[in-house]
Every structure is written in structure tokens, then in C-alpha cells.
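J.: Okay, here's the structure, questions in a sec.
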Amino acid sequence: MNEDTVIEAKSLTKTYGSAVAVDEISFNVGRGEIFGLLGPNGAGKTTTILMLLGLTDISAGEVNVLGFNPAREPLSVKRRVGYMPDTVGFYDNLTAADNLRYTARLIGFKPMDREKRIAGALDRTGLVEFADKRVGTFSRGMRQRLGLAEIVMKGAQIAILDEPTSGLDPHATAELLAIIRGFKGDGISVLLASHLLERVQSVCDRVALFSGGRIALMGTVAELGREVLGGGYVVDIEADGAGLAERLALIPGVSGVETIGIGKLRLHADRDVRPEAATEVVAMHGRLKYLGVQEPSLDAIYTRYFEARPDEGMTIKEGARHAA
Amino acid sequence: MRREGSAFSGLGVVMLKELSDHLTSVRMRVLEWLVVLVALAALYGAIQQIKDTTAEDPFLFLRLFTTSREPLPSFVSFISFLVPLMAIGLGFDAVNGEYSRRTLSRILAQPIYRDALLFGKFLAGLVTLAVSLITLWLLVVGLGLLLIGIPPGAEEIGRSFLFLLVTIIYAGVWLALALLFSVLFRSAATAALVTLGLWLFITFIWPVLAGAVAQVIAPPDPRYMALGLQTPATAETEQILARLSPSTLFAEVVVALLDPTTRSLGPIYLSQLQGAVLGAPLPIGESMLIAWPQTVGMIAGAILLFVIGYVIFQRQEVRA
């Protein structure tokens, strides 16, 4: 395992009797990366997480978390990894700070360090004013934030989040995703499992699409889009400059330029031509207002993939129906 | 495969948290008040009875625990009835409560093993019961001193202290049973109902059933029946079966400890009575020796129930 990889799973398998819950999956998560483990309910995401944490036996394969084997060294793994389960639970009769205090004692932090960490974590997640309120009075969104506060308080190098946005309203989801993006800024790697593809797409650097215990697709959303939906890159650009469309059309790899509004152009290319496009705008003394690659939706990728291979797994909608 | 670190890392933290939860819970307060009020009523009845009927008794203080006055049963009877209820009340939702609150996987994702969580919960329950029983014991000793007006002797204090220890062990058996069912059943209500049902069966139905089952296993000898006597083999079988119940074991230990004249807890044959000074009290050590198998039986029962719960908990999938 190289030092930029924090999680490395090789042919990881989990069976319950004759039923295979996780079927020889392999993936890596890099340092500071947000990696999405996405798929319908019952696809094997939570089982994979439990194996990473040493909370369930591994039937076959290998896994390495921060250089430790979770089966043999679960305490070393759990000391460095923060975990927020699906619908995270806290002790309702205790305050937010007391719940964190209990976890901090279990980890073994010294009293002074403990209080400093708790205050910092509550501040980071916007829960300072609720520190002394009983968790029984908290909304679902606040509980999820407290779950993230626990990970911050722990000083985890990896955050494993299972369905973090499930059941949250759009505002609470946005707040939560902002905190998760902040983790990346702090160099914390995030493994995020969710069946709500469109909600987590924006924060994930790479994703693995799960189905029936297997990883069906893995890569960046743009890569998966090209692989499944076909076609090349679509680059949107908004800039000033006369004759810009003609200059951009000359960039190697660009197959067409389309005007989609005043000063707005859309490039169709067989590769990512954003660096060259920016260079052309600057060379023409133009003013670049926007430059971005259109990302396909994960929902569309997933649906298209399994429409083409109906025997490989359920669609997200079917998965949700089964779960209900 | 050897695991890293200690299995008991975090044990103290879990125990203190659970202890604090128990001692501040409404459930515990209700149970404590119930025990205290009922025990005081029994104690009052005992003191009235002692004043009315006992002229001189070398073990007057111990009579506080065993004497009853209609319609109230004795203090010991109350305790043997209420202690299981207290223990079940503390243990029936110990593990399944973590599942239903969805706290289990979050807690087990901290650097502790399941061992620490389960053992911490058991110890916290046992300490809570011990604190309650010690308080009750002190209350009885204090009130006994005040109301009887005669200080207890060292032997009486020793015997009543051993009674306290055995009662804590007895509570441990029921706590381990409640903990086992809290591991087995995900619903706290189911766990509570099954544990209470089993307690009712073991305490009230089994002693009656044991006699009937014993007659099937070792049919009575018609010669003994003709003399109006119980067949020894049948009596011994009945006793063995009855001793499967912790309530029977506890009752036998209590008799041996609180009645110093008790010389045997099984059937007594005439040959055993030769040379015995009937009614003469035994030293505390010999009484304890008589009660030792039953005490060890209760300790073994508690350990066995805890180990079964432990093994099942270790194999359970933690998803909540």
C-alpha cells in the first residue's frame, strides 16, 4: 500500500452461509479523497463498511486501513477512523457535550484535551449553542451534525459516513455536505456510502457503484459518464472576446463549438480541453467568467448501465422499493 | 488469531456511564422505593411478632429477617421475590436498548471490544443492585437496633452480612438472565416479558412441577407409601430438580445462614441424627459449609448465563 492510499481492499468478500453479501470487491481510497460507495439498499455497502472497521468478520480477501488489518488490529483502526452509521443514534437523556464526552472517554483522551476537542468539534459543526441541550430534543439534521462532530472530536484520519443525507431536508443536506467538503480541506479522507446518488454526487471525487454485492463501475463521475453514456467531453465557457468561437474550434480534440447564449459557448471534445480553452481566452485578452465540464448525472449513469445489463442488478428505484 | 490490546479497554468508562444511568433513572427509583417500603413493612411485622412471642433467643437479631406476621410475609420472602424483579428491571433492555437507540455500532466503532461493553453493563447492573441491597441491609440493621434495643452479636452480624452477599449473588443470576434475553431479543418488551415469564415459571411453577417430574423419573416405592413416608429416591430426585431453580438455591442458603440450628439441606435419615444435639446452633463456618454448594451453584449459574449471552453477542451482526 503506498502512503497516499488510506484504504486498500482486495477481493473483499463477505458471505452469510450460502448467501454472498459482498463479492470480491477491490478499491482504494486516497489521502484527502472523498470516495463514494453508492448503490441501492441491500447492495453490500454497510457490510463493506463493517468489514473495514473490524465489526464483522471478513470471509475472504484482504483489507488494509491506514496500514492496519481491521481483523487483527481493530483497536488501531478504530482509534483513527471516525464512523457515522445510517441514522446515527445518541443517548437522548444526555446532552450533546455529554454524548461526546462519553465517546472521548472511550477513546481515552485526557480531561483537558477532551474538553478542548469537544468545544472545537461543536464549534466546527455549528452546535456550540446546543452543547448543553439534551439530544432527545435534537432534529435529525442536528443528530447527523453531532455525528460529524464526534468524528472531528476524535481527530479521525478517515471518516466513514453511512447514508449521511438520508432523511434530511435540502437545507440540512447542504449544511452536511459543506461540513464533509471541509473534511477534505483538512486532509481527512471520506468514504461515503449512499443510495441517494444525486445528493452526494457533488462532493465525491470518485465513486464506486455497487450492485448485488459487486462494484459495477468505479471512477470519477465524468469518466463513468463517458464510459456508460458515451460521447466525449462537453465544456461550457463564458467569456468576452471577438472571434473566440473560431479560435476555440482550432484546439486539437475539439469537434464542435456551439453558441448557447450571449458570450456563452459549448465545446464538444474528445478530451478535457479546459486548460487550452483558458489559454486561448487569455491570449485574446478576453475576460473568462466561467469554465466548466458538464458532468453527467449519476442517476442517469446507473440507470443506463443496468438497463443495458438487467441481469446484473437492481436499479436504484427498485432497490428503494425493496427496502421500503 | 490473537486480537490486539486488552478486551477490557473502556470497561470502566462503560460501567460508570451505565451506573450513572441506572442510579438516576426513574425506573430504578421506583424499584428502590418499592423494595424499601415493602421491606420496612415486613420488618415492622417481624418486630411486632418478636415482641409478642419471643421471650429469649440467642439469635434474636436474625429473627428480624425470617419472622413474619400475618398477613405480611417475612423480610427474606419479600427479598427473594423482589430482587429478581429489580435485576430484570435493570437488565432486560441492556443490549437491545442500544440497538433500538441505534447507538451500538457507533459505540463499537470506538477503540473498545464488545467484551467491555457487555461486561461493563453487567458490572454496572450488579453494582447498582449491590448498592441498593447494602443500603437496605444497613437500614434493617439500624432499625433493628433501634426497635429491638438489643445489639446484635458478631456472629449475627456475620451471618446477616453473608446473607447480604448471597442476595447480591442471587441478584447476579437474574441480572445475567435478563442480559442474555436482552442480547437474544431485539425488542425490549419481548425480552422483559420472556424474562418475567421465566422467572414466574422458575419461582412458582417449577417447585410444584419438580415433585411430579420426580415421581415419573423415580416412581415412589409402595412399601414407603404404605407407611406414609416419602421414598428416598423420589425425594432426592425432586430435590435435585428443584435445585435447578435459583430461587430454591437461594431459599436453602438463607435457611442455612439465618437459622443457625439448620444442620442439613437435604433429606435427613435417622442414622444421621445419632449423636446430634437437636436445636443446638452451628458455628457460622459450618453453616456456610452447608450452604456452600448452593452458593457455588448460583455463582456458576450466573457465569453460565453471562457466557451464553457473551457468545451470542460476539456473533451478532452489528448494524444499528
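Labeling convention for the C-alpha cells: chains A, B, ... as they appear, residues from 1 per chain, ligands from 1 in order of appearance.
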Wanna dump the chain B-chain A contacts at 10 Å for me, each residue with its shortest atom pair and the distance in Å to one decimal, counting only C-alpha atoms, ordered by chain and number, as a tab-separated table?

T.:
```
residue	atom	partner	partner_atom	distance
B:Met1	CA	A:Arg72	CA	7.2
B:Arg2	CA	A:Arg72	CA	7.0
B:Arg3	CA	A:Arg72	CA	5.5
B:Glu4	CA	A:Glu73	CA	5.5
B:Gly5	CA	A:Leu75	CA	7.3
B:Ser6	CA	A:Leu75	CA	9.4
B:Ser9	CA	A:Leu106	CA	8.1
B:Gly10	CA	A:Leu106	CA	5.3
B:Leu11	CA	A:Leu106	CA	8.6
B:Gly12	CA	A:Leu106	CA	9.0
B:Val13	CA	A:Leu106	CA	6.2
B:Val14	CA	A:Leu106	CA	7.7
B:Leu16	CA	A:Tyr102	CA	10.0
B:Lys17	CA	A:Tyr102	CA	7.7
B:Asp21	CA	A:Asn93	CA	8.9
B:Ser25	CA	A:Asn93	CA	9.7
B:Glu98	CA	A:Gly89	CA	8.7
B:Tyr99	CA	A:Gly89	CA	9.1
B:Ser100	CA	A:Gly89	CA	8.7
B:Arg101	CA	A:Gly89	CA	5.5
B:Arg102	CA	A:Gly89	CA	4.5
B:Thr103	CA	A:Gly89	CA	4.6
B:Leu104	CA	A:Gly89	CA	8.2
B:Ser105	CA	A:Pro85	CA	7.0
B:Arg106	CA	A:Pro85	CA	6.5
B:Ile107	CA	A:Thr103	CA	7.3
B:Leu108	CA	A:Leu55	CA	7.6
B:Ala109	CA	A:Lys78	CA	5.8
B:Gln110	CA	A:Lys78	CA	5.5
B:Pro111	CA	A:Leu75	CA	4.6
B:Ile112	CA	A:Leu75	CA	6.6
B:Tyr113	CA	A:Leu75	CA	8.0
B:Arg114	CA	A:Leu55	CA	9.5
B:Gln314	CA	A:Thr56	CA	9.7
B:Arg315	CA	A:Thr56	CA	8.7
B:Gln316	CA	A:Thr56	CA	8.8
B:Glu317	CA	A:Thr56	CA	6.8
B:Val318	CA	A:Leu55	CA	7.0
B:Arg319	CA	A:Thr46	CA	7.9
B:Ala320	CA	A:Pro85	CA	7.4
```

J.: Can you list, as a PyMOL selection string, every protein, DNA or RNA residue that comes within 6 Å of B:Asp221 when you count only C-alpha atoms, leaving out same-chain residues fewer than 2 positions away?

T.: chain B and resi 223-224+231

J.: Can you list, as JSON, numbers by chain, every protein, DNA or RNA residue that comes within 9 Å of A:Val20 when you count only C-alpha atoms, leaving out same-chain residues fewer than 4 positions away?

T.: {"A": [13, 14, 15, 16, 212, 213]}

J.: Would you list the contacts of stretch 268-275 of chain A as a list in words, taking every protein, DNA or RNA residue within 7 Å and counting only C-alpha atoms, but skipping same-chain residues closer than 3 positions in sequence?

T.: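 Non-adjacent residues within range: Gly232, Tyr233, Val234, Val235, Gly253, Val254, Ser255, Gly256, Val257, Ala278 and Thr279 of chain A.
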
J.: Those residues you just picked out, can you put them in a file as a PDB file, in the first residue's frame with C-alpha atoms?

T.:
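That gives us result-v3.pdb:
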```
ATOM      1  CA  GLY A 232     -16.825  12.986 -25.257  1.00  0.00           C
ATOM      2  CA  TYR A 233     -16.377  15.996 -23.009  1.00  0.00           C
ATOM      3  CA  VAL A 234     -18.813  18.895 -23.003  1.00  0.00           C
ATOM      4  CA  VAL A 235     -17.060  22.067 -21.819  1.00  0.00           C
ATOM      5  CA  GLY A 253      -9.597  17.418 -29.909  1.00  0.00           C
ATOM      6  CA  VAL A 254     -12.471  19.889 -30.243  1.00  0.00           C
ATOM      7  CA  SER A 255     -15.094  18.520 -32.632  1.00  0.00           C
ATOM      8  CA  GLY A 256     -17.593  21.350 -32.485  1.00  0.00           C
ATOM      9  CA  VAL A 257     -18.402  24.731 -30.898  1.00  0.00           C
ATOM     10  CA  ALA A 278      -8.484  29.179 -20.839  1.00  0.00           C
ATOM     11  CA  THR A 279      -5.172  29.858 -22.584  1.00  0.00           C
TER      12      THR A 279
END
```

J.: May I have all residues of stretch 90-192 of chain A that DSSP, computed from the backbone, assigns to strand (DSSP E), given as a PyMOL selection string?

T.: chain A and resi 158-162+189-192

J.: Can you write out the residues you just picked, keeping all heavy atoms, as a PDB file, in the first residue's frame?

T.:
```
ATOM      1  N   ILE A 158      -9.716   9.168   8.764  1.00  0.00           N
ATOM      2  CA  ILE A 158     -10.699   8.728   7.769  1.00  0.00           C
ATOM      3  C   ILE A 158     -12.086   8.881   8.392  1.00  0.00           C
ATOM      4  O   ILE A 158     -12.288   8.506   9.556  1.00  0.00           O
ATOM      5  CB  ILE A 158     -10.498   7.241   7.382  1.00  0.00           C
ATOM      6  CG1 ILE A 158      -9.105   7.006   6.803  1.00  0.00           C
ATOM      7  CG2 ILE A 158     -11.565   6.790   6.384  1.00  0.00           C
ATOM      8  CD1 ILE A 158      -8.782   5.534   6.574  1.00  0.00           C
ATOM      9  N   ALA A 159     -13.017   9.430   7.619  1.00  0.00           N
ATOM     10  CA  ALA A 159     -14.409   9.492   8.082  1.00  0.00           C
ATOM     11  C   ALA A 159     -15.226   8.553   7.215  1.00  0.00           C
ATOM     12  O   ALA A 159     -15.208   8.678   5.989  1.00  0.00           O
ATOM     13  CB  ALA A 159     -14.934  10.917   7.968  1.00  0.00           C
ATOM     14  N   ILE A 160     -15.890   7.610   7.875  1.00  0.00           N
ATOM     15  CA  ILE A 160     -16.759   6.698   7.127  1.00  0.00           C
ATOM     16  C   ILE A 160     -18.201   7.081   7.447  1.00  0.00           C
ATOM     17  O   ILE A 160     -18.624   7.022   8.608  1.00  0.00           O
ATOM     18  CB  ILE A 160     -16.480   5.223   7.504  1.00  0.00           C
ATOM     19  CG1 ILE A 160     -15.040   4.861   7.104  1.00  0.00           C
ATOM     20  CG2 ILE A 160     -17.467   4.292   6.821  1.00  0.00           C
ATOM     21  CD1 ILE A 160     -14.646   3.420   7.370  1.00  0.00           C
ATOM     22  N   LEU A 161     -18.910   7.498   6.434  1.00  0.00           N
ATOM     23  CA  LEU A 161     -20.265   8.008   6.638  1.00  0.00           C
ATOM     24  C   LEU A 161     -21.255   7.136   5.876  1.00  0.00           C
ATOM     25  O   LEU A 161     -21.167   7.015   4.654  1.00  0.00           O
ATOM     26  CB  LEU A 161     -20.363   9.461   6.134  1.00  0.00           C
ATOM     27  CG  LEU A 161     -19.211  10.397   6.526  1.00  0.00           C
ATOM     28  CD1 LEU A 161     -19.364  11.750   5.856  1.00  0.00           C
ATOM     29  CD2 LEU A 161     -19.164  10.570   8.038  1.00  0.00           C
ATOM     30  N   ASP A 162     -22.176   6.540   6.618  1.00  0.00           N
ATOM     31  CA  ASP A 162     -23.156   5.651   6.004  1.00  0.00           C
ATOM     32  C   ASP A 162     -24.485   6.398   5.877  1.00  0.00           C
ATOM     33  O   ASP A 162     -25.093   6.754   6.877  1.00  0.00           O
ATOM     34  CB  ASP A 162     -23.316   4.396   6.880  1.00  0.00           C
ATOM     35  CG  ASP A 162     -24.012   3.267   6.143  1.00  0.00           C
ATOM     36  OD1 ASP A 162     -24.421   3.470   4.985  1.00  0.00           O
ATOM     37  OD2 ASP A 162     -24.144   2.173   6.723  1.00  0.00           O
ATOM     38  N   SER A 189      -9.693  11.808   4.751  1.00  0.00           N
ATOM     39  CA  SER A 189     -10.298  11.022   3.668  1.00  0.00           C
ATOM     40  C   SER A 189     -11.715  10.669   4.083  1.00  0.00           C
ATOM     41  O   SER A 189     -11.976  10.430   5.266  1.00  0.00           O
ATOM     42  CB  SER A 189      -9.513   9.743   3.433  1.00  0.00           C
ATOM     43  OG  SER A 189      -8.162  10.042   3.240  1.00  0.00           O
ATOM     44  N   VAL A 190     -12.616  10.644   3.114  1.00  0.00           N
ATOM     45  CA  VAL A 190     -14.014  10.341   3.427  1.00  0.00           C
ATOM     46  C   VAL A 190     -14.491   9.183   2.561  1.00  0.00           C
ATOM     47  O   VAL A 190     -14.301   9.196   1.345  1.00  0.00           O
ATOM     48  CB  VAL A 190     -14.920  11.577   3.180  1.00  0.00           C
ATOM     49  CG1 VAL A 190     -16.379  11.241   3.492  1.00  0.00           C
ATOM     50  CG2 VAL A 190     -14.467  12.759   4.020  1.00  0.00           C
ATOM     51  N   LEU A 191     -15.057   8.192   3.218  1.00  0.00           N
ATOM     52  CA  LEU A 191     -15.722   7.104   2.489  1.00  0.00           C
ATOM     53  C   LEU A 191     -17.198   7.284   2.770  1.00  0.00           C
ATOM     54  O   LEU A 191     -17.635   7.205   3.915  1.00  0.00           O
ATOM     55  CB  LEU A 191     -15.256   5.738   3.000  1.00  0.00           C
ATOM     56  CG  LEU A 191     -15.878   4.551   2.286  1.00  0.00           C
ATOM     57  CD1 LEU A 191     -15.210   4.323   0.943  1.00  0.00           C
ATOM     58  CD2 LEU A 191     -15.734   3.286   3.112  1.00  0.00           C
ATOM     59  N   LEU A 192     -17.924   7.557   1.724  1.00  0.00           N
ATOM     60  CA  LEU A 192     -19.312   7.938   1.893  1.00  0.00           C
ATOM     61  C   LEU A 192     -20.214   6.920   1.192  1.00  0.00           C
ATOM     62  O   LEU A 192     -20.089   6.717  -0.013  1.00  0.00           O
ATOM     63  CB  LEU A 192     -19.453   9.336   1.266  1.00  0.00           C
ATOM     64  CG  LEU A 192     -20.679  10.165   1.491  1.00  0.00           C
ATOM     65  CD1 LEU A 192     -20.314  11.631   1.291  1.00  0.00           C
ATOM     66  CD2 LEU A 192     -21.754   9.799   0.516  1.00  0.00           C
TER      67      LEU A 192
END
```

J.: Using only C-alpha atoms, which protein or nucleic acid residues come within 9 Å of stretch 71-88 of chain B? Drop anything in the same chain fewer than 6 positions from it, and give the result as a ChimeraX atom specification.

T.: /B:28,31-32,34-35,38-43,45-46,64-65,125-126,129,133,167-168,170-179,192,195-196,199,203,247,250-251,254

J.: Please indicate the distance in Å from atom CA of A:Val135 to atom CA of A:Ala96, rounded to one decimal place.

T.: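 The value is 5.7 Å.
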
J.: Using only C-alpha atoms, which residues sit within 9 Å of B:Leu282 once same-chain residues fewer than 3 positions away are excluded, as a JSON list (two decimals) with all heavy atoms, in the first residue's frame?

T.:
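Contents of out30.json, as written:
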```json
[["chain", "number", "residue", "atom", "x", "y", "z"],
["B", 260, "PRO", "N", -29.30, -20.76, 62.54],
["B", 260, "PRO", "CA", -28.06, -21.49, 62.90],
["B", 260, "PRO", "C", -28.30, -22.94, 63.32],
["B", 260, "PRO", "O", -27.36, -23.72, 63.38],
["B", 260, "PRO", "CB", -27.49, -20.67, 64.06],
["B", 260, "PRO", "CG", -28.15, -19.35, 63.97],
["B", 260, "PRO", "CD", -29.50, -19.58, 63.39],
["B", 261, "THR", "N", -29.56, -23.30, 63.59],
["B", 261, "THR", "CA", -29.81, -24.69, 64.02],
["B", 261, "THR", "C", -29.92, -25.63, 62.81],
["B", 261, "THR", "O", -29.99, -26.84, 63.00],
["B", 261, "THR", "CB", -31.11, -24.79, 64.84],
["B", 261, "THR", "OG1", -32.19, -24.34, 64.02],
["B", 261, "THR", "CG2", -31.03, -23.96, 66.11],
["B", 262, "THR", "N", -29.96, -25.08, 61.61],
["B", 262, "THR", "CA", -30.07, -25.93, 60.42],
["B", 262, "THR", "C", -28.80, -26.77, 60.26],
["B", 262, "THR", "O", -27.69, -26.23, 60.21],
["B", 262, "THR", "CB", -30.27, -25.04, 59.15],
["B", 262, "THR", "OG1", -31.41, -24.23, 59.36],
["B", 262, "THR", "CG2", -30.45, -25.89, 57.91],
["B", 263, "ARG", "N", -29.00, -28.09, 60.18],
["B", 263, "ARG", "CA", -27.83, -28.98, 60.12],
["B", 263, "ARG", "C", -27.71, -29.66, 58.76],
["B", 263, "ARG", "O", -26.68, -30.26, 58.45],
["B", 263, "ARG", "CB", -27.93, -30.06, 61.21],
["B", 263, "ARG", "CG", -28.26, -29.47, 62.58],
["B", 263, "ARG", "CD", -28.26, -30.52, 63.64],
["B", 263, "ARG", "NE", -26.92, -30.83, 64.09],
["B", 263, "ARG", "CZ", -26.25, -30.13, 64.99],
["B", 263, "ARG", "NH1", -26.79, -29.07, 65.53],
["B", 263, "ARG", "NH2", -25.03, -30.49, 65.35],
["B", 285, "GLY", "N", -19.09, -20.84, 60.32],
["B", 285, "GLY", "CA", -18.30, -21.51, 59.28],
["B", 285, "GLY", "C", -18.97, -22.79, 58.79],
["B", 285, "GLY", "O", -19.03, -23.06, 57.59],
["B", 286, "GLU", "N", -19.54, -23.53, 59.75],
["B", 286, "GLU", "CA", -20.19, -24.80, 59.37],
["B", 286, "GLU", "C", -21.51, -24.54, 58.64],
["B", 286, "GLU", "O", -21.87, -25.28, 57.72],
["B", 286, "GLU", "CB", -20.40, -25.67, 60.60],
["B", 286, "GLU", "CG", -19.09, -26.27, 61.06],
["B", 286, "GLU", "CD", -19.25, -27.29, 62.18],
["B", 286, "GLU", "OE1", -20.34, -27.88, 62.28],
["B", 286, "GLU", "OE2", -18.29, -27.45, 62.94],
["B", 287, "SER", "N", -22.21, -23.49, 59.04],
["B", 287, "SER", "CA", -23.45, -23.13, 58.32],
["B", 287, "SER", "C", -23.12, -22.77, 56.87],
["B", 287, "SER", "O", -23.83, -23.16, 55.94],
["B", 287, "SER", "CB", -24.14, -21.95, 58.99],
["B", 287, "SER", "OG", -24.66, -22.33, 60.22]]
```

J.: Set the distance at 9 Å and use only C-alpha atoms: which residues neighbour A:Ala97 once local chain neighbours fewer than 3 positions away are removed? I'd like the list as an MDAnalysis selection string.

T.: chainID A and resid 94 100:102 115 118:119 122 130:134

J.: What's the separation between atom CA of A:Arg309 and atom CA of A:Val63, in Å to one decimal place?

T.: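 Between atom CA of A:Arg309 and atom CA of A:Val63 the gap is 29.0 Å.
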
J.: So that I can check the secondary structure, give me every residue of stretch 220-297 of chain B assigned helix (DSSP H, G or I) by backbone DSSP, as a PyMOL selection string.

T.: chain B and resi 222-226+232-242+246-258+270-273+284-297

J.: Quick one: of B:Tyr44, B:Ile290, B:Leu278, B:Val255, who's nearest to B:Leu143, counting only C-alpha atoms?

T.: B:Tyr44

J.: Measuring atom to atom with only C-alpha atoms, identify which of B:Thr67, B:His22, B:Ile205, B:Ile217 is nearest to B:Val131.

T.: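 Of all the options, B:His22 lies closest to B:Val131.
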